[in-house]
Amino acid sequence: MIYYVGAFLLIAIGIYAIIIKKNLIKILIGLDLIASGTNLLIVSIGYVKGGTAPIFSPAVLGKAVKMVDPVPQALTLTAIVIGASEVALAAAFVVLLYRHYGTLDIKKIRSLKW
Amino acid sequence: MIRKITYGIFLGIIVAALILFFAAFPFGKNKMAVGKYYLQNDIKQTGAANVVTAVTLDYRGFDTLGEVSVLFAAAAGVAILFYVLEEDKKKREKQVYPNFIVRVGSRIIFPFILLFGSYIFIHGHLTPGGGFQGGAIIASGFLLLYLAYPGERVNRNKLAIAEGLAGLVFVGLGLFGLLTKGNSFLFNFLPKGELNMIFSAGILPIIYIAIGFKVASEFAGIVDDMMCEAICAGGEK
């Protein structure tokens with residue numbers, strides 16, 4: 001239960017950072033927070049009460065144990081790495097914007113008027 | 001003013017989503033549909049102890065190939081954005097090295113990071129872990145080396161060869177299974193072996209090792225691009 005609330009809080013903080021903050025780096029952090037919150041949400045959907053990790057290790061083999069849903073974990077596994085590379089790409093854009101305009105403030109970057 | 005209104009609307013949407021979500025997906029209840037099938041049939045269909053690996057590489061192997069391609073596209077994008085002509089690169093006159101402890105300590109720790117990362121992706125079908133995580137660990141080792149020795153650069157040609165070979169192994173194994181043994185891409189044509197042994201689960205460990213190399217070389221390339229952007233200082237400015 002606390003995982004759902006935490007995931008939604010992370011997403012909400014991320015959206016807040018994207019809408020309110022003027023600094024491009026802070027917007028980037030907000031983007032990453034949304035990605036983390038989404039990953040946490042997806043994994044916690046797959047949780048089964050009292051379930052173990054979906055691995056048939058010798059300790060659980062042959063016993064009737066409940067396991068959590070493996071599909072959301074498999075989705076999140078790749079999403080984390082892809083999220084990291086996307087943040088790297090966005091950071092590259094931020095570096096180029098800073099070099100072109102000399103500022104990180106989106107109010108001063110002309111073509112990004114809000 | 002308009003910003004605050006937008007913010008209020010977004011906040012309302014989030015709260016509404018939270019309430020609807022609690023109603024639709026109660027926490028901790030068993031709501032598996034596909035997952036149950038995977039848990040029941042994993043051992044005899046793939047032979048991998050780790051069901052998450054079986055889902056990632058066997059049941060959804062083709063999707064993973066797409067995800068690796070997305071990763072490649074992002075790494076290539078960083079490289080293109082930071083592209084500087086070789087003759088425009090100016091080395092900084094005075095290299096600022098970090099202190100002695102960081103330099104020596106990074107040399108001692110780097111092989112252990114490589115070993116740990118390799119362990120993670122070789123045992124991907126037995127333990128929690130796999131190519132993506134192991135590759136990220138190895139790339140973090142490269143980041144440590146870059147922080148300790150800012151003036152040195154990794155050989156990009158070797159990284160490109162490692163990345164290309166890893167991708168070739170992935171696609172080649174898939175095509176081999178498709179053309180010779182089975183009737184589907186990434187058909188598991190090797191013997192399944194004994195559960196919980198290192199040589200089990202057919203082609204899954206080989207694919208995960210290839211993914212590990214690919215992720216490690218791509219992330220090391222991203223790290224190299226970013227460090228070079230800070231240090232080589234080429235182009236306009």
# chains A, B, ... in the order shown; residues from 1 in each chain; ligands from 1
>>> interface_residues(of="chain B", to="chain A", cutoff="6 Å", atoms="only C-alpha atoms", output="PyMOL selection string")
chain B and resi 27-30+35+49-52+56+71+74+78
>>> residues_around(residues="B:Phe213", least_positions_apart="3", cutoff="10 Å", atoms="only C-alpha atoms", output="list of chain:residue names")
B:Ser118, B:Phe121, B:Gly131, B:Phe132, B:Gly134, B:Gly135, B:Ala136, B:Ile138, B:Ala139, B:Leu159, B:Ala162, B:Glu163, B:Gly164, B:Leu165, B:Ala166, B:Gly167, B:Ile207, B:Tyr208, B:Ile209, B:Ala210, B:Ala216, B:Ser217, B:Glu218
>>> residues_around(residues="A:Lys21", least_positions_apart="4", cutoff="12 Å", atoms="only C-alpha atoms", output="JSON, numbers by chain")
{"A": [13, 14, 15, 16, 17, 25, 26, 27, 28, 29, 30, 31, 104, 105, 106, 107, 114], "B": [3, 7]}
>>> select_by_dssp(residues="chain A", states="strand (DSSP E or B)", output="PyMOL selection string")
chain A and resi 23+52+55+67+105
>>> atom_distance(atom1="atom CA of B:Leu18", atom2="atom CA of A:Asn39")
15.5 Å
>>> atom_distance(atom1="atom CA of A:Ile34", atom2="atom CA of A:Leu10")
6.3 Å
>>> select_by_dssp(residues="stretch 99-152 of chain B", states="helix (DSSP H, G or I)", output="VMD selection string")
chain B and resid 100 to 122 131 to 148
>>> atom_distance(atom1="atom CA of B:Ile122", atom2="atom CA of B:Val68")
17.8 Å
>>> closest_residue(among="B:Leu11, B:Leu39, B:Ala48, B:Ile206", to="B:Gly193", atoms="only C-alpha atoms")
B:Ala48
>>> closest_residue(among="B:Ala76, B:Val154, B:Leu65, B:Ala24", to="B:Leu173", atoms="only C-alpha atoms")
B:Leu65
>>> closest_residue(among="B:Leu195, B:Val169, B:Leu175, B:Ala160", to="B:Phe72", atoms="only C-alpha atoms")
B:Ala160
>>> residues_around(residues="stretch 100-109 of chain B", least_positions_apart="3", cutoff="7 Å", atoms="only C-alpha atoms", output="list in words")
Phe112, Ile113, Leu144, Leu145 and Ala148 of chain B
>>> closest_residue(among="A:Gly6, A:Ile18, A:Lys108, A:Lys63", to="B:Thr6", atoms="only C-alpha atoms")
A:Ile18
